[in-house]
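Below is model14.txt, which holds compact mmCIF, C-alpha atoms.
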```txt
# COMPACT_ATOMS: atom_id res chain seq x y z
CA MET Q 301 0.00 0.00 0.00
CA THR Q 302 1.17 3.47 -0.75
CA ASN Q 303 1.14 6.29 1.73
CA ALA Q 304 -1.93 7.81 0.09
CA GLU Q 305 -3.80 4.52 0.24
CA GLU Q 306 -2.78 4.02 3.87
CA ALA Q 307 -3.98 7.49 4.78
CA ARG Q 308 -7.30 6.90 3.04
CA HIS Q 309 -7.72 3.48 4.74
CA THR Q 310 -6.85 4.91 8.18
CA SER Q 311 -9.21 7.83 7.78
CA SER Q 312 -12.10 5.53 6.77
CA LEU Q 313 -11.44 3.36 9.84
CA ASP Q 314 -11.38 6.37 12.10
CA LEU Q 315 -14.56 7.68 10.51
CA ASP Q 316 -16.34 4.34 11.14
CA ALA Q 317 -15.15 4.38 14.75
CA VAL Q 318 -16.41 7.94 15.20
CA VAL Q 319 -19.75 7.14 13.60
CA HIS Q 320 -20.29 4.15 15.87
CA LEU Q 321 -18.76 5.76 18.95
CA ASP Q 322 -22.07 7.08 20.25
CA GLU Q 323 -23.70 3.66 19.84
CA THR Q 324 -20.80 2.00 21.66
CA TRP Q 325 -21.01 4.41 24.58
CA TYR Q 326 -24.80 4.12 24.64
CA GLN Q 327 -24.62 0.32 24.93
CA GLU Q 328 -21.96 0.48 27.67
CA GLY Q 329 -23.95 3.08 29.59
CA TYR Q 330 -27.15 1.11 29.19
CA GLN Q 331 -25.57 -2.05 30.61
CA GLU Q 332 -23.85 -0.22 33.49
CA GLY Q 333 -27.05 1.67 34.30
CA GLY Q 334 -29.10 -1.51 34.23
CA GLU Q 335 -26.76 -3.22 36.68
CA ALA Q 336 -26.65 -0.16 38.97
CA GLY Q 337 -30.46 0.03 38.87
CA ARG Q 338 -30.83 -3.64 39.80
CA LYS Q 339 -28.45 -3.23 42.75
CA ARG Q 340 -30.22 -0.10 43.96
CA GLY Q 341 -33.63 -1.72 43.45
CA ARG Q 342 -32.61 -4.70 45.58
CA ARG Q 343 -31.36 -2.39 48.35
CA GLU Q 344 -34.50 -0.27 48.27
CA GLY Q 345 -36.73 -3.34 48.08
CA ARG Q 346 -35.01 -4.85 51.10
CA ALA Q 347 -35.40 -1.58 53.05
CA VAL Q 348 -39.09 -1.26 52.15
CA GLY Q 349 -39.65 -4.92 53.03
CA LYS Q 350 -38.06 -4.48 56.45
CA ALA Q 351 -40.13 -1.37 57.16
CA LYS Q 352 -43.38 -3.02 56.09
CA GLY Q 353 -42.52 -6.15 58.06
CA PHE Q 354 -41.92 -4.00 61.14
CA GLU Q 355 -45.27 -2.25 60.70
CA ILE Q 356 -47.16 -5.53 60.32
CA GLY Q 357 -45.27 -7.05 63.24
CA CYS Q 358 -46.20 -4.14 65.50
CA GLU Q 359 -49.84 -4.38 64.47
CA LEU Q 360 -49.95 -8.14 65.03
CA GLY Q 361 -48.24 -7.76 68.40
CA PHE Q 362 -50.79 -5.14 69.40
CA TYR Q 363 -53.70 -7.42 68.47
CA LYS Q 364 -52.17 -10.38 70.28
CA ALA Q 365 -51.38 -8.40 73.45
CA CYS Q 366 -54.87 -6.88 73.61
CA SER Q 367 -56.47 -10.27 72.97
CA GLN Q 368 -54.39 -12.02 75.61
CA THR Q 369 -55.14 -9.30 78.15
CA TRP Q 370 -58.86 -9.26 77.47
CA LEU Q 371 -59.01 -13.04 77.50
CA PHE Q 372 -57.30 -13.04 80.89
CA VAL Q 373 -59.69 -10.42 82.27
CA ILE Q 374 -62.79 -12.23 81.00
CA LYS Q 375 -61.65 -15.61 82.31
CA ASP Q 376 -60.58 -14.00 85.57
CA SER Q 377 -63.99 -12.36 85.99
CA ILE Q 378 -65.69 -15.70 85.30
CA THR Q 379 -63.73 -17.37 88.10
CA GLY Q 380 -64.08 -14.32 90.36
CA GLU Q 381 -60.40 -14.26 91.28
CA GLY Q 382 -58.32 -11.09 91.29
CA GLU Q 383 -61.23 -8.66 91.71
CA LYS Q 384 -59.36 -6.29 94.06
CA GLY Q 385 -56.18 -5.43 92.15
CA ARG Q 386 -57.84 -4.53 88.86
CA SER Q 387 -57.40 -1.18 87.19
CA LYS Q 388 -60.36 0.83 85.93
CA GLU Q 389 -59.91 -0.44 82.35
CA PHE Q 390 -60.00 -4.07 83.43
CA GLY Q 391 -63.05 -3.30 85.53
CA GLU Q 392 -64.76 -1.85 82.45
CA ILE Q 393 -64.10 -5.03 80.44
CA ALA Q 394 -65.35 -7.13 83.34
CA ALA Q 395 -68.47 -4.94 83.54
CA ALA Q 396 -69.03 -5.36 79.79
CA LYS Q 397 -68.65 -9.12 80.25
CA ALA Q 398 -71.18 -9.03 83.08
CA MET Q 399 -73.76 -7.44 80.78
CA MET Q 400 -73.18 -10.08 78.09
CA ASP Q 401 -75.09 -13.31 78.14
CA THR Q 402 -73.21 -16.60 78.44
CA THR Q 403 -73.33 -17.25 74.70
CA ALA Q 404 -71.87 -13.83 73.89
CA VAL Q 405 -69.11 -14.33 76.48
CA HIS Q 406 -68.16 -17.67 74.94
CA ARG Q 407 -68.26 -16.12 71.46
CA ALA Q 408 -65.94 -13.33 72.64
CA ILE Q 409 -63.59 -15.91 74.17
CA ARG Q 410 -63.57 -17.94 70.95
CA THR Q 411 -62.93 -14.82 68.89
CA LEU Q 412 -60.08 -13.72 71.17
CA GLU Q 413 -58.54 -17.19 71.00
CA GLY Q 414 -58.98 -17.09 67.21
CA ILE Q 415 -57.11 -13.79 67.01
CA ILE Q 416 -54.26 -15.19 69.07
CA LYS Q 417 -54.11 -18.28 66.83
CA LEU Q 418 -54.16 -16.18 63.64
CA VAL Q 419 -51.26 -14.09 64.95
CA GLN Q 420 -49.30 -17.20 65.91
CA ASP Q 421 -49.98 -18.79 62.49
CA PHE Q 422 -48.98 -15.66 60.57
CA PRO Q 423 -46.09 -16.51 58.20
CA ARG Q 424 -42.71 -15.21 59.34
CA GLN Q 425 -41.18 -15.45 55.85
CA ASN Q 426 -42.30 -14.33 52.40
CA VAL Q 427 -44.23 -17.23 50.95
CA ALA Q 428 -45.41 -16.90 47.36
CA ASP Q 429 -48.66 -18.83 47.76
CA VAL Q 430 -49.80 -17.10 51.00
CA ASP Q 431 -51.86 -13.92 50.74
CA MET Q 432 -50.52 -11.96 53.72
CA ALA Q 433 -52.78 -8.99 53.05
CA ALA Q 434 -55.87 -11.22 53.30
CA HIS Q 435 -54.50 -12.71 56.52
CA VAL Q 436 -54.04 -9.23 58.04
CA GLN Q 437 -57.54 -8.20 56.87
CA ARG Q 438 -59.06 -11.27 58.60
CA LEU Q 439 -57.22 -10.32 61.78
CA ARG Q 440 -58.45 -6.73 61.61
CA ALA Q 441 -62.02 -7.88 61.05
CA LYS Q 442 -61.90 -10.27 64.02
CA PHE Q 443 -60.35 -7.56 66.16
CA ARG Q 444 -63.06 -5.06 65.22
CA ALA Q 445 -65.70 -7.68 65.99
CA VAL Q 446 -64.30 -8.44 69.43
CA THR Q 447 -63.90 -4.76 70.34
CA SER Q 448 -67.54 -4.30 69.39
CA MET Q 449 -68.56 -7.30 71.54
CA LEU Q 450 -66.63 -5.95 74.50
CA GLY Q 451 -67.70 -2.35 73.99
CA VAL Q 452 -64.08 -1.21 73.81
CA SER Q 453 -62.73 1.45 71.48
CA VAL Q 454 -59.13 0.81 70.48
CA LYS Q 455 -57.10 2.62 67.87
CA PHE Q 456 -53.77 1.30 66.60
CA SER Q 457 -51.45 3.64 64.78
CA LEU Q 458 -47.77 3.36 64.08
CA HIS Q 459 -45.97 6.63 63.60
CA LYS Q 460 -43.29 6.50 60.93
CA SER Q 461 -40.92 8.84 62.76
CA GLY Q 462 -40.39 6.42 65.63
CA ARG Q 463 -40.61 9.32 68.04
CA ILE Q 464 -43.01 9.38 70.93
CA SER Q 465 -44.90 12.62 71.33
CA ASP Q 466 -47.22 13.71 74.13
CA GLY Q 467 -50.23 11.46 74.55
CA GLU Q 468 -48.65 8.44 72.89
CA THR Q 469 -47.18 5.33 74.36
CA ALA Q 470 -44.19 3.32 73.20
CA GLY Q 471 -44.75 1.36 70.03
CA GLY Q 472 -46.93 4.03 68.47
CA VAL Q 473 -50.13 2.77 70.04
CA GLY Q 474 -52.80 5.40 70.33
CA GLU Q 475 -55.56 5.71 72.84
CA LEU Q 476 -57.39 2.91 74.54
CA SER Q 477 -60.75 4.26 75.63
CA PHE Q 478 -63.67 2.59 77.36
```

Can you give me the file's structure in the form of structure tokens?
Amino acid sequence: MTNAEEARHTSSLDLDAVVHLDETWYQEGYQEGGEAGRKRGRREGRAVGKAKGFEIGCELGFYKACSQTWLFVIKDSITGEGEKGRSKEFGEIAAAKAMMDTTAVHRAIRTLEGIIKLVQDFPRQNVADVDMAAHVQRLRAKFRAVTSMLGVSVKFSLHKSGRISDGETAGGVGELSF
């Protein structure tokens, strides 16, 4: 090849490289961006999953604790033991139980035991074939039913900030009124 032919050949190669340079950089950027997005998505997904799991766990714990307490108070008032050391709230539940007929008391006991069982049976891991949202909805419905039976007004709320302000108790639980 002569110098003129070499120069022409080199310039055509450089021109092809320049023409395809933007496509090359686009493909590299696309692949790097895709990988970075997948990594970030996994991190964000894990963080959201932990936060949502914490919220559901707090709610389930609240339902279980209330149910266990109310079950204890109802059974205690049936046996008549422990009447003296009760707080006003427990007295209110016992009074509500006293106004209920035997069938309603047994229904409340069964519902409370059902809530406790649903909480205990709640899946602790992500399982593809289990509808966790439906499970939580069943729990909420049972809890609303039992609060109605007992004549108790309970409001659960979890504050995202994690801070406790005036009028709130630890865990983000709101008021318990009778």

In Å, rounded to a single decimal, give me how far atom CA of Q:Glu344 is from atom CA of Q:Pro423.
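Those two atoms sit 22.3 Å apart.
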
Smallest atom-to-atom distance to Q:Ile416: which of Q:Tyr326, Q:Ala445, Q:Asp376, Q:Leu371, using only C-alpha atoms?
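Ranked by minimum distance to Q:Ile416, first place goes to Q:Leu371.
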
Using all atoms listed in the file, pick whichever of Q:Lys375, Q:Gly353, Q:Phe456, Q:Lys364 has the shortest atom-to-atom distance to Q:Arg424.
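Using all atoms listed in the file, the shortest distance to Q:Arg424 belongs to Q:Gly353.
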
Radius query 7 Å about (-57.0, -10.4, 66.3), atoms used: only C-alpha atoms, as a list in words
Tyr363, Lys364, Ser367, Leu412, Ile415, Ile416, Leu418, Val419, Leu439, Arg440, Lys442 and Phe443 of chain Q

Could you please take those selected residues and save C-alpha atoms as a PDB file, in the coordinates of the input?
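Final output, saved to out_37.pdb:
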```pdb
ATOM      1  CA  TYR Q 363     -53.700  -7.420  68.470  1.00  0.00           C
ATOM      2  CA  LYS Q 364     -52.170 -10.380  70.280  1.00  0.00           C
ATOM      3  CA  SER Q 367     -56.470 -10.270  72.970  1.00  0.00           C
ATOM      4  CA  LEU Q 412     -60.080 -13.720  71.170  1.00  0.00           C
ATOM      5  CA  ILE Q 415     -57.110 -13.790  67.010  1.00  0.00           C
ATOM      6  CA  ILE Q 416     -54.260 -15.190  69.070  1.00  0.00           C
ATOM      7  CA  LEU Q 418     -54.160 -16.180  63.640  1.00  0.00           C
ATOM      8  CA  VAL Q 419     -51.260 -14.090  64.950  1.00  0.00           C
ATOM      9  CA  LEU Q 439     -57.220 -10.320  61.780  1.00  0.00           C
ATOM     10  CA  ARG Q 440     -58.450  -6.730  61.610  1.00  0.00           C
ATOM     11  CA  LYS Q 442     -61.900 -10.270  64.020  1.00  0.00           C
ATOM     12  CA  PHE Q 443     -60.350  -7.560  66.160  1.00  0.00           C
TER      13      PHE Q 443
END
```

So, with only C-alpha atoms as the atoms that count, which of Q:Met432, Q:Gly414, Q:Lys352, Q:Ala408 lies closest to Q:Val446?
Q:Ala408

Please report the interatomic distance between atom CA of Q:Glu359 and atom CA of Q:Val436 in Å with one decimal.
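Rounded to one decimal, the two atoms are 9.1 Å apart.
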
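Residue nearest Q:Leu458, chosen from Q:Val373, Q:Glu355, Q:Glu413, Q:Thr403 and counting all atoms listed in the file: Q:Glu355.
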
Please, what distance in Å, to one decimal, runs between atom CA of Q:Phe362 and atom CA of Q:Val348?
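Between atom CA of Q:Phe362 and atom CA of Q:Val348 the gap works out to 21.2 Å.
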
Find, counting only C-alpha atoms, the residue in Q:Thr369, Q:Glu335, Q:Lys455, Q:Gln437 that gets nearest to Q:Ile356.
Q:Gln437

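Nearest to Q:Asn426 of all the residues Q:Gly341, Q:Gly333, Q:Val452, Q:Lys350 is Q:Lys350, based on all atoms listed in the file.
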